[in-house]
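K.L.:
What follows is entry.txt; its format and atoms are compact mmCIF, C-alpha atoms.
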```
# COMPACT_ATOMS: atom_id res chain seq x y z
CA MET N 1 118.55 23.99 135.11
CA ILE N 2 115.29 25.30 133.67
CA GLN N 3 113.23 22.63 131.89
CA GLN N 4 110.15 23.52 129.86
CA LEU N 5 107.98 20.42 130.17
CA LYS N 6 104.96 21.76 128.27
CA LYS N 7 104.91 24.38 125.51
CA GLY N 8 102.14 26.56 124.15
CA GLN N 9 101.58 27.88 120.63
CA SER N 10 104.61 28.90 118.65
CA ALA N 11 105.53 32.53 118.13
CA GLN N 12 104.81 32.15 114.42
CA VAL N 13 101.23 31.00 115.00
CA LYS N 14 100.65 33.81 117.49
CA ALA N 15 101.99 36.38 115.02
CA SER N 16 99.71 35.11 112.28
CA ASN N 17 96.68 35.34 114.55
CA GLN N 18 97.60 38.88 115.58
CA ALA N 19 97.90 40.00 111.96
CA GLN N 20 94.36 38.81 111.26
CA VAL N 21 93.06 40.62 114.34
CA ARG N 22 94.80 43.86 113.31
CA ALA N 23 93.25 43.83 109.83
CA THR N 24 89.76 43.08 111.10
CA VAL N 25 89.86 45.84 113.70
CA GLU N 26 91.24 48.40 111.28
CA GLY N 27 88.35 47.79 108.91
CA ILE N 28 85.73 48.14 111.66
CA LEU N 29 87.23 51.37 112.99
CA THR N 30 87.35 52.94 109.53
CA ASP N 31 83.76 51.96 108.82
CA ILE N 32 82.47 53.37 112.11
CA GLU N 33 84.40 56.59 111.60
CA GLN N 34 82.78 57.02 108.19
CA ARG N 35 79.23 55.81 108.87
CA GLY N 36 78.75 56.35 112.60
CA ASP N 37 75.65 54.91 114.25
CA ALA N 38 74.60 52.92 111.18
CA ALA N 39 77.87 51.00 111.17
CA VAL N 40 77.78 50.52 114.94
CA ARG N 41 74.29 49.04 114.71
CA GLU N 42 75.29 46.71 111.87
CA TYR N 43 78.29 45.34 113.75
CA SER N 44 76.22 44.94 116.90
CA GLN N 45 73.67 42.95 114.92
CA LYS N 46 76.38 40.86 113.29
CA PHE N 47 78.38 40.01 116.40
CA ASP N 48 75.79 40.18 119.19
CA ASN N 49 72.44 39.87 117.39
CA TRP N 50 71.50 43.15 119.06
CA ALA N 51 70.42 46.30 117.24
CA PRO N 52 67.87 48.43 119.11
CA GLN N 53 67.19 51.93 117.87
CA ASN N 54 68.89 53.42 120.93
CA MET N 55 71.93 51.71 122.46
CA ARG N 56 71.84 53.98 125.50
CA LEU N 57 69.71 52.66 128.35
CA SER N 58 67.02 54.93 129.72
CA GLN N 59 66.59 55.53 133.44
CA GLU N 60 63.51 53.29 133.31
CA GLN N 61 65.54 50.45 131.82
CA ILE N 62 68.26 50.92 134.43
CA ASP N 63 65.69 50.92 137.25
CA ALA N 64 64.10 47.76 135.85
CA CYS N 65 67.45 45.98 135.78
CA ILE N 66 68.14 46.90 139.40
CA ALA N 67 64.63 45.91 140.50
CA SER N 68 65.08 42.47 138.93
CA LEU N 69 67.97 41.59 141.25
CA SER N 70 67.70 39.99 144.66
CA PRO N 71 68.65 41.92 147.79
CA GLN N 72 71.61 39.57 148.27
CA THR N 73 72.94 40.29 144.78
CA LEU N 74 72.73 44.03 145.34
CA GLU N 75 74.37 43.70 148.76
CA ASP N 76 77.23 41.69 147.25
CA ILE N 77 77.79 44.27 144.51
CA LYS N 78 77.77 47.08 147.07
CA PHE N 79 80.22 45.19 149.33
CA ALA N 80 82.68 44.73 146.45
CA GLN N 81 82.36 48.38 145.45
CA THR N 82 83.02 49.48 149.03
CA GLN N 83 86.33 47.60 149.03
CA ILE N 84 87.40 48.93 145.64
CA ARG N 85 86.33 52.49 146.46
CA ARG N 86 88.22 52.39 149.77
CA PHE N 87 91.52 51.34 148.19
CA ALA N 88 91.09 53.72 145.25
CA GLN N 89 90.54 56.60 147.66
CA ILE N 90 93.65 55.63 149.62
CA GLN N 91 95.60 55.69 146.35
CA LYS N 92 94.19 59.09 145.40
CA ASP N 93 95.05 60.49 148.81
CA SER N 94 98.68 59.55 148.18
CA MET N 95 98.82 61.98 145.24
CA HIS N 96 99.52 65.60 146.09
CA ASP N 97 99.85 68.89 144.22
CA VAL N 98 103.26 70.48 144.82
CA GLU N 99 104.64 74.01 144.73
CA VAL N 100 108.17 74.93 145.73
CA GLU N 101 110.55 77.88 145.39
CA THR N 102 113.54 76.10 143.84
CA LEU N 103 115.68 79.26 143.59
CA PRO N 104 115.05 82.76 145.00
CA GLY N 105 112.06 84.08 143.04
CA ILE N 106 111.61 80.87 140.97
CA VAL N 107 108.44 78.91 141.80
CA LEU N 108 107.70 75.53 140.21
CA GLY N 109 104.77 73.24 140.81
CA HIS N 110 102.38 70.67 139.47
CA ARG N 111 98.64 70.09 139.68
CA ASN N 112 96.88 66.75 139.45
CA ILE N 113 93.86 67.23 137.16
CA PRO N 114 91.35 64.47 136.32
CA VAL N 115 90.62 63.61 132.69
CA ASN N 116 87.33 65.26 131.65
CA SER N 117 85.60 62.25 130.07
CA VAL N 118 86.19 58.50 130.08
CA GLY N 119 84.59 55.55 128.31
CA CYS N 120 84.62 52.29 130.27
CA TYR N 121 84.29 48.98 128.45
CA ILE N 122 82.90 46.10 130.48
CA PRO N 123 83.21 42.65 128.84
CA GLY N 124 80.07 40.59 129.12
CA GLY N 125 79.28 38.58 126.03
CA LYS N 126 80.57 35.23 127.30
CA TYR N 127 80.63 35.96 131.02
CA PRO N 128 78.91 38.97 132.63
CA LEU N 129 82.00 40.56 134.17
CA ILE N 130 80.26 42.63 136.82
CA ALA N 131 83.52 43.46 138.56
CA SER N 132 84.88 45.33 135.56
CA ALA N 133 82.26 48.01 136.17
CA HIS N 134 83.60 48.57 139.68
CA MET N 135 87.19 48.60 138.50
CA SER N 136 86.72 51.20 135.76
CA VAL N 137 83.63 53.34 136.42
CA LEU N 138 84.04 53.57 140.18
CA THR N 139 87.78 54.22 140.02
CA ALA N 140 87.27 56.99 137.46
CA LYS N 141 84.67 58.60 139.69
CA VAL N 142 86.95 58.44 142.72
CA ALA N 143 89.61 60.13 140.58
CA GLY N 144 87.19 62.98 139.88
CA VAL N 145 86.32 62.38 136.21
CA LYS N 146 83.30 64.55 135.33
CA ARG N 147 81.73 62.37 132.62
CA VAL N 148 82.02 58.60 132.78
CA ILE N 149 80.18 56.51 130.21
CA ALA N 150 80.07 52.73 130.28
CA SER N 151 79.23 50.06 127.76
CA ALA N 152 78.76 46.30 127.94
CA PRO N 153 77.44 43.84 125.37
CA PRO N 154 74.07 42.15 125.74
CA PHE N 155 74.06 38.93 127.73
CA GLU N 156 71.63 36.24 126.67
CA GLY N 157 69.87 38.67 124.37
CA LYS N 158 69.38 41.64 126.70
CA PRO N 159 71.26 44.07 128.94
CA CYS N 160 72.79 42.15 131.83
CA PRO N 161 70.97 43.35 134.98
CA GLU N 162 73.95 42.76 137.27
CA ILE N 163 76.33 44.72 135.05
CA VAL N 164 73.83 47.54 134.61
CA ALA N 165 73.32 47.73 138.37
CA ALA N 166 77.07 47.77 138.97
CA MET N 167 77.58 50.52 136.38
CA HIS N 168 74.82 52.62 137.92
CA LEU N 169 75.91 52.11 141.53
CA ALA N 170 79.49 52.93 140.55
CA GLY N 171 78.34 56.30 139.21
CA ALA N 172 78.18 55.95 135.41
CA ASP N 173 76.66 59.03 133.76
CA GLU N 174 75.60 57.18 130.60
CA ILE N 175 75.06 53.42 130.18
CA TYR N 176 75.08 51.67 126.81
CA CYS N 177 74.31 48.09 125.83
CA LEU N 178 76.93 47.63 123.14
CA GLY N 179 79.89 45.30 122.90
CA GLY N 180 83.23 44.61 121.31
CA VAL N 181 85.20 46.78 118.92
CA GLN N 182 82.06 48.67 117.94
CA ALA N 183 81.57 49.81 121.55
CA VAL N 184 85.16 50.94 121.97
CA ALA N 185 85.10 52.73 118.61
CA ALA N 186 81.79 54.49 119.27
CA MET N 187 82.99 55.80 122.63
CA ALA N 188 86.41 56.85 121.35
CA ILE N 189 85.50 58.27 117.94
CA GLY N 190 81.98 59.43 118.72
CA THR N 191 78.86 59.00 116.60
CA GLU N 192 75.66 60.94 116.01
CA SER N 193 74.24 59.60 119.29
CA ILE N 194 77.38 59.15 121.41
CA VAL N 195 79.67 62.05 122.27
CA GLY N 196 83.26 60.83 122.13
CA VAL N 197 85.45 60.68 125.22
CA ASP N 198 89.05 61.60 126.04
CA MET N 199 90.09 58.18 127.30
CA ILE N 200 89.07 54.51 126.93
CA VAL N 201 89.63 51.97 129.70
CA GLY N 202 88.73 48.40 130.48
CA PRO N 203 89.75 44.83 129.63
CA GLY N 204 88.60 42.79 126.68
CA ASN N 205 89.51 40.12 124.17
CA ALA N 206 92.22 40.38 121.54
CA TYR N 207 89.97 42.47 119.26
CA VAL N 208 89.13 44.99 121.99
CA ALA N 209 92.81 45.24 122.96
CA GLU N 210 93.76 45.85 119.33
CA ALA N 211 91.06 48.48 118.95
CA LYS N 212 92.49 50.34 121.92
CA ARG N 213 95.97 50.07 120.44
CA GLN N 214 94.87 51.53 117.12
CA LEU N 215 92.88 54.30 118.81
CA PHE N 216 95.69 55.29 121.16
CA GLY N 217 96.77 58.83 120.36
CA ARG N 218 93.35 59.88 119.22
CA VAL N 219 92.27 59.09 122.78
CA GLY N 220 94.16 57.98 125.84
CA ILE N 221 93.97 54.41 127.06
CA ASP N 222 94.66 52.78 130.38
CA LEU N 223 96.86 49.96 129.08
CA PHE N 224 96.82 47.01 126.71
CA ALA N 225 94.57 44.50 128.44
CA GLY N 226 94.13 41.59 126.07
CA PRO N 227 93.39 37.94 126.85
CA THR N 228 93.94 37.07 130.49
CA GLU N 229 97.31 35.62 131.47
CA THR N 230 98.10 33.82 134.72
CA MET N 231 101.15 32.30 136.33
CA VAL N 232 101.53 30.16 139.42
CA ILE N 233 104.96 30.02 141.03
CA CYS N 234 104.98 27.15 143.51
CA ASP N 235 107.00 24.65 145.50
CA ASP N 236 106.19 21.62 147.64
CA THR N 237 104.27 23.69 150.19
CA VAL N 238 101.15 23.26 148.00
CA ASP N 239 99.71 20.41 145.95
CA ALA N 240 99.05 19.90 142.25
CA GLU N 241 95.26 20.13 142.58
CA LEU N 242 95.42 23.64 144.09
CA VAL N 243 97.82 24.71 141.35
CA ALA N 244 95.51 23.27 138.68
CA VAL N 245 92.50 25.11 140.11
CA ASP N 246 94.36 28.42 140.13
CA LEU N 247 95.60 27.98 136.56
CA LEU N 248 92.23 26.90 135.14
CA GLY N 249 90.38 29.57 137.12
CA GLN N 250 91.92 32.11 134.74
CA ALA N 251 92.19 29.91 131.64
CA GLU N 252 88.39 29.84 131.54
CA HIS N 253 88.43 33.49 130.44
CA GLY N 254 89.00 32.44 126.86
CA PRO N 255 90.64 29.89 124.56
CA THR N 256 93.69 32.11 124.03
CA SER N 257 94.46 32.79 127.70
CA PRO N 258 97.99 31.66 128.62
CA ALA N 259 98.49 29.80 131.91
CA TYR N 260 102.01 29.16 133.23
CA CYS N 261 103.17 26.89 136.03
CA VAL N 262 106.68 27.70 137.23
CA THR N 263 107.72 25.29 139.94
CA THR N 264 110.72 24.03 141.87
CA SER N 265 108.76 20.87 142.75
CA LYS N 266 109.32 17.83 140.55
CA LYS N 267 106.29 16.24 142.20
CA ILE N 268 103.97 19.07 141.14
CA ALA N 269 105.44 19.16 137.63
CA GLU N 270 104.77 15.44 137.22
CA GLU N 271 101.32 15.43 138.82
CA LEU N 272 99.97 18.62 137.27
CA PRO N 273 98.70 17.18 133.94
CA ALA N 274 96.53 14.64 135.75
CA ALA N 275 95.37 17.29 138.22
CA ILE N 276 94.39 19.52 135.31
CA ASP N 277 92.21 16.74 133.90
CA LEU N 278 90.65 16.14 137.32
CA VAL N 279 89.74 19.79 137.82
CA LEU N 280 88.46 20.15 134.26
CA SER N 281 86.05 17.28 134.92
CA ARG N 282 84.20 19.42 137.48
CA LEU N 283 84.23 22.78 135.68
CA ASP N 284 81.29 23.92 133.55
CA THR N 285 83.78 26.04 131.65
CA ALA N 286 85.99 23.08 130.73
CA PRO N 287 85.33 23.44 126.97
CA VAL N 288 87.04 26.85 127.07
CA ALA N 289 89.60 26.29 129.82
CA SER N 290 90.82 23.02 128.30
CA VAL N 291 91.55 24.69 124.95
CA ALA N 292 93.43 27.50 126.66
CA TRP N 293 95.50 25.02 128.67
CA ASN N 294 96.16 22.68 125.74
CA ASP N 295 97.15 25.47 123.35
CA PHE N 296 98.67 28.06 125.69
CA GLY N 297 99.52 26.26 128.92
CA GLU N 298 103.19 25.89 129.84
CA ILE N 299 105.05 24.06 132.63
CA TYR N 300 108.56 25.00 133.78
CA LEU N 301 110.55 22.92 136.26
CA CYS N 302 113.35 24.87 137.92
CA ASP N 303 116.09 23.82 140.33
CA THR N 304 116.08 27.03 142.34
CA ASP N 305 114.00 30.09 143.20
CA GLU N 306 116.51 32.14 141.22
CA GLU N 307 115.71 30.13 138.09
CA ALA N 308 111.97 30.41 138.73
CA LEU N 309 112.39 34.18 139.09
CA GLU N 310 114.26 34.29 135.77
CA VAL N 311 111.38 32.51 134.00
CA ALA N 312 108.75 34.70 135.68
CA GLU N 313 110.54 37.91 134.73
CA ARG N 314 110.89 36.77 131.13
CA LEU N 315 107.23 35.78 130.75
CA CYS N 316 105.98 38.95 132.50
CA SER N 317 102.53 37.56 133.21
CA GLU N 318 99.47 39.64 134.01
CA HIS N 319 98.68 37.71 137.20
CA VAL N 320 101.42 36.07 139.26
CA GLN N 321 100.33 33.87 142.13
CA VAL N 322 103.19 32.93 144.46
CA MET N 323 102.62 29.87 146.63
CA THR N 324 106.02 29.06 148.08
CA GLN N 325 107.71 28.71 151.45
CA ASP N 326 108.62 32.41 151.35
CA PRO N 327 106.42 34.45 148.96
CA SER N 328 108.09 37.65 150.19
CA TRP N 329 111.31 36.55 148.47
CA TYR N 330 109.55 36.98 145.11
CA HIS N 331 107.74 40.14 146.20
CA ASP N 332 111.07 41.78 146.98
CA ARG N 333 112.72 40.77 143.70
CA MET N 334 110.08 40.72 140.95
CA THR N 335 109.91 43.76 138.65
CA ARG N 336 107.87 42.57 135.64
CA TYR N 337 104.23 41.56 136.20
CA GLY N 338 100.71 42.93 136.42
CA ALA N 339 99.76 42.07 140.00
CA LEU N 340 101.10 39.74 142.69
CA PHE N 341 99.02 37.37 144.81
CA LEU N 342 101.18 36.28 147.71
CA GLY N 343 100.63 33.03 149.60
CA HIS N 344 98.15 30.18 149.38
CA ARG N 345 95.41 32.02 151.29
CA THR N 346 94.72 34.46 148.45
CA ASN N 347 94.27 33.97 144.72
CA VAL N 348 93.60 35.85 141.50
CA SER N 349 89.83 35.49 141.85
CA TYR N 350 89.87 37.56 145.06
CA GLY N 351 91.60 40.34 143.17
CA ASP N 352 89.33 39.95 140.15
CA LYS N 353 86.11 40.32 142.09
CA VAL N 354 86.18 41.83 145.54
CA ILE N 355 89.30 42.35 147.64
CA GLY N 356 89.91 45.95 146.55
CA THR N 357 92.87 46.03 144.16
CA ASN N 358 92.08 46.72 140.52
CA HIS N 359 91.75 43.80 138.13
CA THR N 360 92.48 45.69 134.90
CA LEU N 361 96.12 44.75 134.44
CA PRO N 362 98.82 44.81 131.75
CA THR N 363 99.10 41.81 129.42
CA MET N 364 101.34 40.84 126.51
CA GLY N 365 104.48 41.93 128.34
CA ALA N 366 103.22 45.43 129.09
CA GLY N 367 104.06 44.88 132.76
CA ARG N 368 107.62 45.73 131.72
CA TYR N 369 106.66 49.41 131.52
CA THR N 370 103.30 49.95 133.21
CA GLY N 371 101.26 48.84 136.16
CA GLY N 372 97.52 48.24 136.21
CA LEU N 373 94.55 50.57 136.25
CA TRP N 374 94.29 52.85 139.29
CA VAL N 375 93.06 56.34 140.08
CA GLY N 376 96.35 57.78 138.86
CA LYS N 377 95.59 56.59 135.32
CA PHE N 378 92.66 59.01 135.22
CA ILE N 379 94.69 61.94 136.54
CA LYS N 380 97.04 64.12 134.49
CA THR N 381 99.93 65.80 136.27
CA HIS N 382 100.47 69.28 134.78
CA THR N 383 103.41 71.49 135.66
CA TYR N 384 103.52 75.28 135.96
CA GLN N 385 106.07 77.98 136.79
CA ARG N 386 106.17 81.51 138.16
CA VAL N 387 109.06 83.98 138.30
CA LEU N 388 108.44 86.42 141.15
CA THR N 389 111.15 89.07 140.69
CA ASP N 390 112.99 90.90 137.91
CA GLU N 391 116.29 89.74 139.38
CA ALA N 392 115.22 86.09 139.19
CA SER N 393 114.08 86.45 135.57
CA VAL N 394 117.38 88.06 134.57
CA MET N 395 119.39 85.39 136.34
CA ILE N 396 117.55 82.44 134.78
CA GLY N 397 117.31 84.29 131.45
CA GLU N 398 121.06 84.67 131.10
CA TYR N 399 121.55 80.95 131.63
CA CYS N 400 118.74 80.20 129.18
CA SER N 401 120.19 82.54 126.53
CA ARG N 402 123.56 80.81 126.57
CA LEU N 403 121.99 77.32 126.49
CA CYS N 404 119.80 78.29 123.53
CA GLY N 405 122.88 79.58 121.74
CA TYR N 406 124.62 76.24 122.11
CA GLU N 407 121.64 74.69 120.31
CA HIS N 408 121.55 77.39 117.57
CA MET N 409 117.89 78.16 118.37
CA SER N 410 117.74 81.91 117.91
CA GLY N 411 114.00 82.25 118.52
CA HIS N 412 114.28 80.53 121.87
CA LYS N 413 117.32 82.66 122.68
CA GLU N 414 115.46 85.87 121.91
CA GLN N 415 112.64 84.89 124.28
CA ALA N 416 115.21 84.97 127.06
CA ASP N 417 117.21 87.93 125.76
CA ILE N 418 114.26 90.35 125.47
CA ARG N 419 113.43 89.83 129.11
CA VAL N 420 117.04 90.20 130.20
CA ARG N 421 117.35 93.49 128.24
CA ARG N 422 114.11 95.01 129.48
CA LEU N 423 114.30 93.91 133.08
CA LYS N 424 117.94 95.00 133.42
CA GLN N 425 116.98 98.44 132.10
CA GLU N 426 114.10 98.70 134.55
CA ALA N 427 116.41 97.78 137.38
```
Would you kindly transcribe this structure into structure tokens?
P.N.:
Amino acid sequence: MIQQLKKGQSAQVKASNQAQVRATVEGILTDIEQRGDAAVREYSQKFDNWAPQNMRLSQEQIDACIASLSPQTLEDIKFAQTQIRRFAQIQKDSMHDVEVETLPGIVLGHRNIPVNSVGCYIPGGKYPLIASAHMSVLTAKVAGVKRVIASAPPFEGKPCPEIVAAMHLAGADEIYCLGGVQAVAAMAIGTESIVGVDMIVGPGNAYVAEAKRQLFGRVGIDLFAGPTETMVICDDTVDAELVAVDLLGQAEHGPTSPAYCVTTSKKIAEELPAAIDLVLSRLDTAPVASVAWNDFGEIYLCDTDEEALEVAERLCSEHVQVMTQDPSWYHDRMTRYGALFLGHRTNVSYGDKVIGTNHTLPTMGAGRYTGGLWVGKFIKTHTYQRVLTDEASVMIGEYCSRLCGYEHMSGHKEQADIRVRRLKQEA
């Protein structure tokens, strides 16, 4: 039997919050579309107390940011980017153009073509999320995107040197110090000073995620990456303190970040609340993580792995950490999630920062229909066809003519018929 021992906010409260977010974002997007840079600067001043004349960083400013960092910091950034670049390249190498003669004289194929321009949003108002620069800018560059621009909010009243360095080292062509909805809107819509892009990628809070949702269609997006979600599936092979650390390690992202414990261990289920309090007592981010856990944390006690799998599939969490006797059992059966972290030796933080997989992942149930960001998200697969002989065109044309007739589409039918008539005569 599945028992839910702790519940988060009700669906009604969540829906009310989402409605407020939608209305706010819609107003900002409309204003920026109408007033361009002036509106962008006003929102930047309002939300980030930041309104320089030029939001784009000059090469001198970029160089100064890099020069301010220690050799160890730069080495660590480069190490992380090496891991992410290596895996992204492996993924790209798995994608191939194809061309095949499917029938005599009929050639079909597809080409994988990178998007021309991408805007990468890197969150950084609360925490300077350096890794998001690797995940978006670097991956786009590996994919072959010609123009990659990147934007992050100011941190402590100025451009964050670590983020700027990561953007630059990842290959960003333009770097902006601009945050939130105003950054996403400026890159997607374009302003007097920022040329709009074809696609927007990167994680963010609920407002950024909503901005991407409302802009989708005008530009492409990677996926809906709203507030971080995490789930730990566990049994008696681990202890409550480790589970608490792994839940709170993601809950610190923001006060609306859900954290789920799904366990077959009665001992962990009973000990987890006290373990949460213990871990919170040693976290500087406890004021945020505690709100997320209190309002959005949930505990499920299940009798079997099959029940735990049922809960996990229903919740469809962004991150799913499996710490059980046999993590492969879940790996082989799970179909709805953002990314899996298998076994007690790894954790979500490894994936977030350095190990090589991409940390921009689907939230809010989007793992039902999409995976996370990867080089393939920046690449469009376009088909083409060739007909090599008159005989092949006549053969396929006669089939096409009849099929168009069944659909009563005379214009389509005539496209086939004119070729059949002419090519038969020539033969």
K.L.:
For the atom pair CA of His110 in chain N and CA of Gln89 in chain N, what is the interatomic distance in Å to one decimal place?
P.N.:
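Interatomic distance, CA of His110 in chain N to CA of Gln89 in chain N: 20.1 Å.
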K.L.:
Neighbouring residues of Ser94 in chain N were defined as those with any atom within 12 Å, considering only C-alpha atoms; residues of the same chain fewer than 5 positions away were excluded. Please report them as a PyMOL selection string.
P.N.:
chain N and resi 87-89+112+143+374-376
K.L.:
Using all atoms listed in the file, which residue out of N:Thr335, N:Thr230, N:Ser265, N:Ser193 lies closest to Asn54 in chain N?
P.N.:
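Checking each candidate against Asn54 in chain N, we get N:Ser193 as the closest.
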K.L.:
Between N:Pro114, N:Ala292, N:Val320, N:Glu99, which is the closest to Ala140 in chain N once you count all atoms listed in the file?
P.N.:
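Among N:Pro114, N:Ala292, N:Val320, N:Glu99, it is N:Pro114 that comes nearest to Ala140 in chain N.
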K.L.:
For each of N:Ala150, N:Ile28, N:Ile106, N:Ala275, take the minimum atom-to-atom distance to Leu242 in chain N, counting only C-alpha atoms, then give the residue where this is smallest.
P.N.:
N:Ala275
K.L.:
Identify, on the basis of all atoms listed in the file, every residue whose closest approach to range 345-352 of chain N does not exceed 7 Å; exclude the query and any residue fewer than 6 positions from it along the same chain; express the result as a list of chain:residue names.
P.N.:
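Contacts, with the query itself left out: N:Ala131, N:His319, N:Gln321, N:Asn358, N:His359.
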K.L.:
Taking all atoms of range 338-356 of chain N that the file lists and extending 8 Å past them on each side, where is the centre of the axis-aligned box and how long are its edges? Answer in Å to one decimal, as JSON.
P.N.:
```
{"center_x": 93.6, "center_y": 38.1, "center_z": 143.9, "size_x": 31.1, "size_y": 31.8, "size_z": 30.9}
```
K.L.:
Within 12 Å of (69.3, 55.0, 133.1) in the file's own coordinates, which protein, DNA or RNA residues have an atom, counting only C-alpha atoms? List them as a PyMOL selection string.
P.N.:
chain N and resi 55-66+149-150+159+161+164-165+167-169+171-177
K.L.:
Rounded to one decimal, what separation in Å do you get between CA of Gly217 in chain N and CA of Val137 in chain N?
P.N.:
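Distance reported for this atom pair: 21.5 Å.
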K.L.:
Pick out the closest residue to Leu283 in chain N from this set: N:Leu29, N:Leu248, N:Val311, N:Ala206. Count all atoms listed in the file.
P.N.:
N:Leu248
K.L.:
Tell me which protein, DNA and RNA residues are within 7 Å of Leu178 in chain N, counting all atoms listed in the file, leaving out same-chain ones fewer than 4 positions away, and put them as a PyMOL selection string.
P.N.:
chain N and resi 44+55+151-154+183
K.L.:
Taking all atoms listed in the file into account, name the residue in N:Gly196, N:Gly124, N:Val142, N:Val219 that is nearest to Asp93 in chain N.
P.N.:
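Smallest distance to Asp93 in chain N is found for N:Val142.
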K.L.:
With distances taken over all atoms listed in the file, which residue among N:Cys404, N:Ile2, N:Thr383, N:Trp50 lies nearest Val98 in chain N?
P.N.:
N:Thr383
K.L.:
Could you give me, as a compact mmCIF listing (two decimals) with C-alpha atoms, in the frame of the given file, the residues within 10 Å of Gly36 in chain N, counting only C-alpha atoms and dropping anything in the same chain fewer than 5 positions from it?
P.N.:
```txt
# COMPACT_ATOMS: atom_id res chain seq x y z
CA LEU N 29 87.23 51.37 112.99
CA THR N 30 87.35 52.94 109.53
CA ASP N 31 83.76 51.96 108.82
CA ARG N 41 74.29 49.04 114.71
CA GLN N 182 82.06 48.67 117.94
CA ALA N 185 85.10 52.73 118.61
CA ALA N 186 81.79 54.49 119.27
CA ILE N 189 85.50 58.27 117.94
CA GLY N 190 81.98 59.43 118.72
CA THR N 191 78.86 59.00 116.60
CA GLU N 192 75.66 60.94 116.01
CA SER N 193 74.24 59.60 119.29
CA ILE N 194 77.38 59.15 121.41
```
K.L.:
Any idea what's packed within 9 Å of Asn205 in chain N, counting all atoms listed in the file, ignoring anything in its chain fewer than 2 positions away? Could you give it as a list in words?
P.N.:
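With the cut-off at 9 Å, the set is Pro123, Gly180, Pro203, Tyr207, Val208, Ala209, Glu210, Ala225, Gly226, Pro227, Thr228 and Gly254 of chain N.
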K.L.:
Please, what distance in Å, to one decimal, runs between CA of Met187 in chain N and CA of Ile200 in chain N?
P.N.:
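Interatomic distance here is 7.6 Å.
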